[in-house]
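Structure data (compact mmCIF, C-alpha atoms) from structure_8.txt:
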# COMPACT_ATOMS: atom_id res chain seq x y z
CA MET Y 717 152.95 264.29 -81.16
CA ASP Y 718 156.20 265.33 -82.83
CA GLU Y 719 157.90 267.49 -80.19
CA ARG Y 720 160.93 268.52 -82.23
CA VAL Y 721 161.55 272.25 -82.21
CA PHE Y 722 162.83 273.93 -85.37
CA THR Y 723 164.62 277.23 -84.89
CA ILE Y 724 165.23 279.72 -87.69
CA THR Y 725 167.31 282.87 -87.21
CA VAL Y 726 167.65 285.79 -89.62
CA GLY Y 727 170.42 288.32 -89.01
CA GLY Y 728 171.49 291.57 -90.65
CA ARG Y 729 171.64 295.33 -90.29
CA ALA Y 730 168.84 297.61 -89.16
CA GLY Y 731 166.75 298.62 -92.17
CA GLU Y 732 167.23 295.35 -94.07
CA GLY Y 733 163.89 293.81 -93.10
CA VAL Y 734 165.23 291.22 -90.65
CA LYS Y 735 162.21 291.40 -88.34
CA LYS Y 736 159.75 291.38 -91.24
CA ALA Y 737 161.29 288.25 -92.77
CA ALA Y 738 161.05 286.35 -89.48
CA GLN Y 739 157.52 287.63 -88.93
CA VAL Y 740 156.34 286.30 -92.29
CA ILE Y 741 157.93 282.90 -91.58
CA ALA Y 742 156.19 282.83 -88.19
CA HIS Y 743 152.85 283.66 -89.85
CA ILE Y 744 153.29 280.76 -92.29
CA PHE Y 745 153.82 278.29 -89.45
CA CYS Y 746 150.85 279.65 -87.48
CA ALA Y 747 148.57 279.37 -90.50
CA ALA Y 748 149.52 275.68 -90.71
CA GLY Y 749 148.67 275.09 -87.06
CA TRP Y 750 152.23 275.02 -85.69
CA ASN Y 751 153.11 276.57 -82.34
CA VAL Y 752 155.44 279.54 -82.73
CA CYS Y 753 157.52 281.89 -80.62
CA GLN Y 754 159.39 284.79 -82.26
CA ALA Y 755 161.96 286.94 -80.45
CA ASP Y 756 163.47 290.11 -81.94
CA ASP Y 757 166.80 291.57 -80.85
CA TYR Y 758 167.64 295.01 -82.19
CA GLN Y 759 169.67 298.06 -81.31
CA SER Y 760 168.45 301.65 -81.08
CA LEU Y 761 169.45 302.32 -84.68
CA ILE Y 762 167.53 303.10 -87.85
CA ARG Y 763 170.32 301.84 -90.10
CA GLY Y 764 173.35 299.64 -89.52
CA GLY Y 765 174.35 297.80 -86.37
CA HIS Y 766 173.24 294.22 -85.83
CA ASN Y 767 169.66 292.99 -85.64
CA PHE Y 768 168.41 289.43 -85.54
CA SER Y 769 165.07 287.66 -85.18
CA THR Y 770 164.59 284.08 -84.07
CA VAL Y 771 161.56 281.89 -84.77
CA SER Y 772 161.16 278.62 -82.86
CA THR Y 773 158.32 276.37 -83.95
CA SER Y 774 156.95 272.91 -83.24
CA LYS Y 775 153.75 270.91 -83.41
CA ALA Y 776 154.05 270.71 -79.63
CA PRO Y 777 153.77 273.84 -77.44
CA VAL Y 778 156.70 276.26 -77.63
CA TYR Y 779 157.26 278.57 -74.67
CA CYS Y 780 160.36 280.49 -75.73
CA ALA Y 781 162.68 281.18 -78.64
CA HIS Y 782 165.53 278.67 -78.62
CA GLN Y 783 169.15 279.79 -78.97
CA ASN Y 784 170.55 277.06 -81.23
CA HIS Y 785 169.68 277.28 -84.91
CA ASP Y 786 168.45 274.71 -87.45
CA LEU Y 787 168.51 277.36 -90.18
CA LEU Y 788 170.62 280.52 -90.10
CA ILE Y 789 170.21 283.21 -92.77
CA CYS Y 790 172.77 286.03 -92.65
CA PHE Y 791 172.70 289.25 -94.63
CA ASP Y 792 176.14 290.42 -93.44
CA GLN Y 793 179.45 289.25 -91.95
CA ARG Y 794 178.66 290.34 -88.42
CA SER Y 795 175.64 288.03 -88.30
CA ILE Y 796 177.80 285.05 -89.28
CA ASP Y 797 180.47 285.92 -86.72
CA LYS Y 798 177.91 286.26 -83.94
CA HIS Y 799 175.64 283.28 -84.60
CA LEU Y 800 177.73 280.62 -86.36
CA LYS Y 801 178.78 279.00 -83.08
CA ARG Y 802 175.13 278.25 -82.25
CA LEU Y 803 174.41 276.14 -85.33
CA LYS Y 804 173.11 272.68 -84.49
CA ASP Y 805 174.69 269.57 -85.98
CA GLY Y 806 173.32 269.19 -89.50
CA ALA Y 807 171.99 272.74 -89.53
CA LEU Y 808 172.02 274.94 -92.64
CA LEU Y 809 173.63 278.33 -93.15
CA PHE Y 810 172.82 280.65 -96.06
CA TYR Y 811 174.58 283.99 -96.37
CA ASN Y 812 174.87 287.02 -98.63
CA SER Y 813 178.14 286.38 -100.47
CA ASP Y 814 178.27 290.03 -101.56
CA GLU Y 815 178.61 291.07 -97.91
CA ALA Y 816 180.20 288.10 -96.14
CA GLN Y 817 182.47 285.09 -96.46
CA CYS Y 818 182.31 281.76 -94.64
CA GLU Y 819 183.96 278.39 -95.19
CA GLN Y 820 180.75 276.56 -94.38
CA GLY Y 821 177.28 277.32 -95.59
CA ILE Y 822 175.76 278.14 -98.95
CA PRO Y 823 176.59 281.52 -100.53
CA ILE Y 824 173.95 283.50 -102.42
CA PRO Y 825 174.83 286.83 -104.11
CA MET Y 826 171.80 288.64 -102.71
CA ASN Y 827 172.96 292.17 -103.56
CA THR Y 828 173.88 291.23 -107.13
CA LEU Y 829 170.47 289.65 -107.67
CA MET Y 830 168.76 292.71 -106.16
CA LYS Y 831 170.47 295.00 -108.67
CA LYS Y 832 169.25 292.69 -111.41
CA HIS Y 833 165.58 292.89 -110.41
CA TYR Y 834 165.15 296.29 -108.71
CA HIS Y 835 165.56 299.76 -110.18
CA GLY Y 836 164.79 301.68 -106.98
CA ALA Y 837 164.48 300.67 -103.34
CA SER Y 838 165.08 296.97 -102.76
CA ASN Y 839 164.15 294.46 -100.08
CA VAL Y 840 166.77 291.92 -99.03
CA SER Y 841 164.32 290.32 -96.58
CA LEU Y 842 162.66 288.59 -99.55
CA ALA Y 843 165.81 286.46 -99.80
CA ALA Y 844 165.15 284.95 -96.37
CA LEU Y 845 161.54 284.17 -97.26
CA ALA Y 846 162.57 282.56 -100.56
CA ILE Y 847 165.24 280.43 -98.85
CA PHE Y 848 162.77 279.26 -96.24
CA ALA Y 849 160.07 278.52 -98.82
CA ALA Y 850 162.42 276.34 -100.86
CA LEU Y 851 163.66 274.40 -97.83
CA ALA Y 852 160.17 273.95 -96.39
CA GLY Y 853 158.83 272.46 -99.62
CA MET Y 854 156.46 275.31 -100.41
CA THR Y 855 155.41 275.65 -104.05
CA GLU Y 856 156.13 278.71 -106.17
CA GLU Y 857 152.42 279.54 -106.02
CA GLN Y 858 152.46 279.46 -102.22
CA LEU Y 859 155.54 281.68 -102.14
CA GLN Y 860 153.96 284.18 -104.50
CA GLU Y 861 150.80 284.23 -102.36
CA GLN Y 862 152.87 285.17 -99.31
CA ILE Y 863 154.65 287.94 -101.23
CA VAL Y 864 151.35 289.43 -102.35
CA GLN Y 865 149.87 289.24 -98.83
CA GLN Y 866 152.88 290.40 -96.84
CA TYR Y 867 154.77 292.77 -99.17
CA ARG Y 868 152.26 295.12 -100.74
CA ARG Y 869 154.70 297.21 -102.80
CA ASP Y 870 156.81 296.28 -105.84
CA ILE Y 871 155.10 292.91 -106.15
CA GLU Y 872 156.51 292.20 -109.61
CA GLU Y 873 160.12 292.96 -108.60
CA ASN Y 874 159.76 291.15 -105.28
CA THR Y 875 158.37 288.06 -106.99
CA ALA Y 876 161.12 287.93 -109.62
CA TYR Y 877 163.85 288.36 -106.99
CA ALA Y 878 162.37 285.77 -104.63
CA MET Y 879 161.75 283.22 -107.38
CA GLU Y 880 165.36 283.35 -108.56
CA ILE Y 881 166.65 282.68 -105.06
CA TYR Y 882 163.97 280.01 -104.58
CA GLY Y 883 165.29 278.28 -107.71
CA ILE Y 884 168.91 278.43 -106.53
CA VAL Y 885 168.08 276.90 -103.16
CA SER Y 886 165.76 274.25 -104.63
CA GLN Y 887 168.59 273.02 -106.86
CA ARG Y 888 171.05 272.83 -103.96
CA CYS Y 889 168.85 271.36 -101.21
CA ASP Y 890 166.07 268.80 -100.97
CA TYR Y 891 164.10 269.23 -97.77
CA GLY Y 892 160.46 269.58 -96.80
CA LEU Y 893 158.09 269.86 -93.86
CA ASP Y 894 154.73 268.28 -93.13
CA TRP Y 895 152.29 271.04 -94.06
CA SER Y 896 149.12 269.10 -93.22
CA VAL Y 897 147.10 271.90 -91.66
CA ASN Y 898 145.78 271.51 -88.13
CA GLN Y 899 143.68 274.19 -86.47
CA PRO Y 900 145.37 277.44 -87.60
CA PHE Y 901 146.57 279.92 -85.01
CA HIS Y 902 146.55 283.71 -85.05
CA PHE Y 903 150.01 285.19 -84.69
CA VAL Y 904 150.11 288.17 -82.32
CA SER Y 905 153.00 290.13 -80.87
CA GLY Y 906 153.41 290.86 -77.18
CA ASN Y 907 152.32 294.48 -77.63
CA GLN Y 908 149.28 293.44 -79.64
CA ALA Y 909 148.31 290.98 -76.90
CA ILE Y 910 148.57 293.77 -74.30
CA ILE Y 911 146.17 296.00 -76.25
CA LEU Y 912 143.75 293.13 -76.83
CA GLY Y 913 143.82 292.20 -73.15
CA ALA Y 914 143.36 295.79 -72.02
CA SER Y 915 140.44 296.17 -74.42
CA LYS Y 916 138.83 293.03 -73.03
CA ALA Y 917 139.16 294.57 -69.55
CA GLY Y 918 137.30 297.68 -70.71
CA LEU Y 919 140.02 300.09 -71.85
CA ASP Y 920 138.56 303.44 -72.98
CA PHE Y 921 141.64 305.53 -73.86
CA PHE Y 922 145.21 304.76 -74.84
CA TYR Y 923 147.71 307.63 -74.94
CA GLY Y 924 151.21 307.41 -76.32
CA TYR Y 925 154.15 309.08 -77.98
CA PRO Y 926 156.40 306.95 -80.23
CA MET Y 927 159.29 305.35 -78.35
CA THR Y 928 160.68 302.01 -79.48
CA PRO Y 929 159.77 299.32 -78.54
CA ALA Y 930 156.50 300.73 -77.16
CA SER Y 931 155.52 302.42 -80.43
CA SER Y 932 153.60 299.43 -81.74
CA LEU Y 933 151.23 299.69 -78.76
CA LEU Y 934 150.06 303.02 -80.15
CA HIS Y 935 150.13 301.79 -83.75
CA TYR Y 936 147.98 298.73 -83.02
CA ALA Y 937 145.57 300.62 -80.76
CA ALA Y 938 145.07 303.23 -83.49
CA LEU Y 939 144.62 300.56 -86.15
CA LYS Y 940 142.01 298.65 -84.13
CA GLN Y 941 140.34 301.48 -82.20
CA GLU Y 942 137.00 301.21 -84.01
CA SER Y 943 136.68 297.44 -83.71
CA LEU Y 944 137.91 297.48 -80.09
CA ASN Y 945 135.72 300.47 -79.21
CA LEU Y 946 138.49 302.59 -77.71
CA PHE Y 947 140.29 305.84 -78.48
CA ALA Y 948 144.00 305.90 -79.36
CA ILE Y 949 145.58 309.33 -78.92
CA HIS Y 950 149.00 310.30 -80.33
CA ALA Y 951 150.06 313.05 -77.92
CA GLU Y 952 152.57 315.81 -78.70
CA SER Y 953 155.08 314.51 -76.13
CA GLU Y 954 155.48 312.03 -73.29
CA LEU Y 955 154.57 314.75 -70.79
CA ALA Y 956 151.36 315.48 -72.66
CA ALA Y 957 150.53 311.76 -72.91
CA ILE Y 958 150.79 311.07 -69.17
CA ASN Y 959 148.88 314.21 -68.19
CA MET Y 960 146.10 313.58 -70.72
CA ALA Y 961 145.87 310.02 -69.43
CA LEU Y 962 145.71 311.31 -65.86
CA GLY Y 963 142.85 313.64 -66.79
CA SER Y 964 140.91 310.81 -68.41
CA ALA Y 965 141.46 308.60 -65.37
CA MET Y 966 140.23 311.36 -63.05
CA ALA Y 967 137.09 311.64 -65.21
CA GLY Y 968 136.34 307.96 -64.63
CA CYS Y 969 137.67 306.42 -67.86
CA ARG Y 970 139.78 303.27 -67.97
CA THR Y 971 143.03 304.63 -69.31
CA ALA Y 972 146.48 303.36 -70.33
CA VAL Y 973 149.71 304.95 -71.47
CA GLY Y 974 152.75 303.27 -73.01
CA SER Y 975 156.41 304.22 -73.30
CA SER Y 976 159.96 302.99 -72.78
CA GLY Y 977 163.25 304.06 -71.22
CA GLY Y 978 163.84 307.78 -71.61
CA GLY Y 979 160.25 308.33 -72.67
CA PHE Y 980 158.92 306.88 -69.44
CA ALA Y 981 161.48 308.94 -67.49
CA LEU Y 982 159.71 312.05 -68.78
CA MET Y 983 156.43 310.73 -67.37
CA GLN Y 984 157.60 310.44 -63.76
CA GLU Y 985 155.93 313.58 -62.42
CA GLY Y 986 152.60 312.64 -64.01
CA PHE Y 987 153.00 309.06 -62.79
CA SER Y 988 153.66 310.32 -59.26
CA ALA Y 989 150.66 312.64 -59.48
CA ALA Y 990 148.46 309.65 -60.34
CA GLY Y 991 149.61 308.01 -57.13
CA MET Y 992 149.05 311.15 -55.07
CA VAL Y 993 145.46 311.61 -56.23
CA GLU Y 994 144.79 307.84 -56.34
CA ALA Y 995 143.84 307.87 -60.02
CA PRO Y 996 143.78 304.36 -61.55
CA LEU Y 997 146.21 304.44 -64.48
CA LEU Y 998 147.82 301.59 -66.43
CA CYS Y 999 151.40 302.39 -67.47
CA ILE Y 1000 152.96 299.94 -69.94
CA LEU Y 1001 156.76 300.02 -69.83
CA SER Y 1002 158.27 298.22 -72.83
CA SER Y 1003 161.90 297.13 -73.05
CA ARG Y 1004 164.18 295.35 -75.47
CA PRO Y 1005 165.15 291.73 -74.73

Take the structure in this file and express it as structure tokens.
Amino acid sequence: MDERVFTITVGGRAGEGVKKAAQVIAHIFCAAGWNVCQADDYQSLIRGGHNFSTVSTSKAPVYCAHQNHDLLICFDQRSIDKHLKRLKDGALLFYNSDEAQCEQGIPIPMNTLMKKHYHGASNVSLAALAIFAALAGMTEEQLQEQIVQQYRRDIEENTAYAMEIYGIVSQRCDYGLDWSVNQPFHFVSGNQAIILGASKAGLDFFYGYPMTPASSLLHYAALKQESLNLFAIHAESELAAINMALGSAMAGCRTAVGSSGGGFALMQEGFSAAGMVEAPLLCILSSRP
């Protein structure tokens, strides 16, 4: 078995679709039967700052996201400055030349091309997908299929933008991966796995109030509540969530609540009450890497 591990990192500001781009790349590898681990690193910001997502993949088992990159895609200067030193020998760097400068790597004017193809909101994360598709030897049809499946809005604009970048990269680089499909895998996040595991153990109620990075626990539980035969409740606050969960537990239901950081701090009295009355309650405390 080929045990080489390929690591792809996408970096940029919050709000630029960094996590989404890496997630789509991870899905592509899983669908082809590759083992994948994705790790997201992001600040508590809606816009700006520095976010990056790393995907490590191999035909052999992968147990963590590796720190040295085979492919680095940067949407801004800060991403280059932070991650350039971790490029492997022979690795590739692509960057947004409208936002950054670097003596090594291949520049692509991502912002300029966005203005050419979009009239409203744009999506720079498509650039990362297009770069990956060209390097991995995916066809234009395969790339378009991923755009339709993963980016439901502005399909025409997204396709035109991605195809132009795909063409630029295809002319500059000649690579490819073995896409012979083995048994495909399902790609799940850590929070999704927690909900699936809790459901398998008989979870009846999940209570939550949005608090990154625990929010996706509530989102996924709500999305899958019918098929998993559970109830997902979006409470009015963290205090309400923990006390509603405590009431359900006292009534004999298998109950869980999820939060993070300051949100969980607000649950301390309810959490202590659960201990005092010996009510079985699962508290999921999420944290950033």

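With distances restricted to all atoms listed in the file, Y:Tyr923 is the closest residue to Met960 in chain Y from Y:Gly892, Y:Tyr936, Y:Tyr923, Y:Ser975.
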
Contacts of range 747-750 of chain Y at 7 Å (all atoms listed in the file; same-chain gap of 4+ positions) as a PyMOL selection string: chain Y and resi 743+773-775+895+897-901

- request: Kindly provide, as a PyMOL selection string, the polymer residues lying within 10 Å of (156.0, 292.6, -109.4), counting all atoms listed in the file and using the coordinates exactly as they appear in the file.
  value: chain Y and resi 833-834+860+863-864+868-877

Written file, previous selection with C-alpha atoms, as a short mmCIF file (atom, residue, chain, number, x, y, z; two decimals), in the frame of the given file:
data_model
loop_
_atom_site.label_atom_id
_atom_site.label_comp_id
_atom_site.auth_asym_id
_atom_site.auth_seq_id
_atom_site.Cartn_x
_atom_site.Cartn_y
_atom_site.Cartn_z
CA HIS Y 833 165.58 292.89 -110.41
CA TYR Y 834 165.15 296.29 -108.71
CA GLN Y 860 153.96 284.18 -104.50
CA ILE Y 863 154.65 287.94 -101.23
CA VAL Y 864 151.35 289.43 -102.35
CA ARG Y 868 152.26 295.12 -100.74
CA ARG Y 869 154.70 297.21 -102.80
CA ASP Y 870 156.81 296.28 -105.84
CA ILE Y 871 155.10 292.91 -106.15
CA GLU Y 872 156.51 292.20 -109.61
CA GLU Y 873 160.12 292.96 -108.60
CA ASN Y 874 159.76 291.15 -105.28
CA THR Y 875 158.37 288.06 -106.99
CA ALA Y 876 161.12 287.93 -109.62
CA TYR Y 877 163.85 288.36 -106.99
#

- prompt: Restricting the calculation to only C-alpha atoms, which member of Y:Val721, Y:Gly806, Y:Gln941, Y:Ala737 is positioned closest to Tyr779 in chain Y?
  reply: Y:Val721

task: Rank nothing, just name the residue among Y:Gln984, Y:Ser932, Y:Ser915, Y:Ser795 nearest to His766 in chain Y, using all atoms listed in the file.
output: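 Of all the options, Y:Ser795 lies closest to His766 in chain Y.
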
query: Do you have the CA of Ala989 in chain Y-CA of Ala965 in chain Y distance handy?
result: 11.6 Å
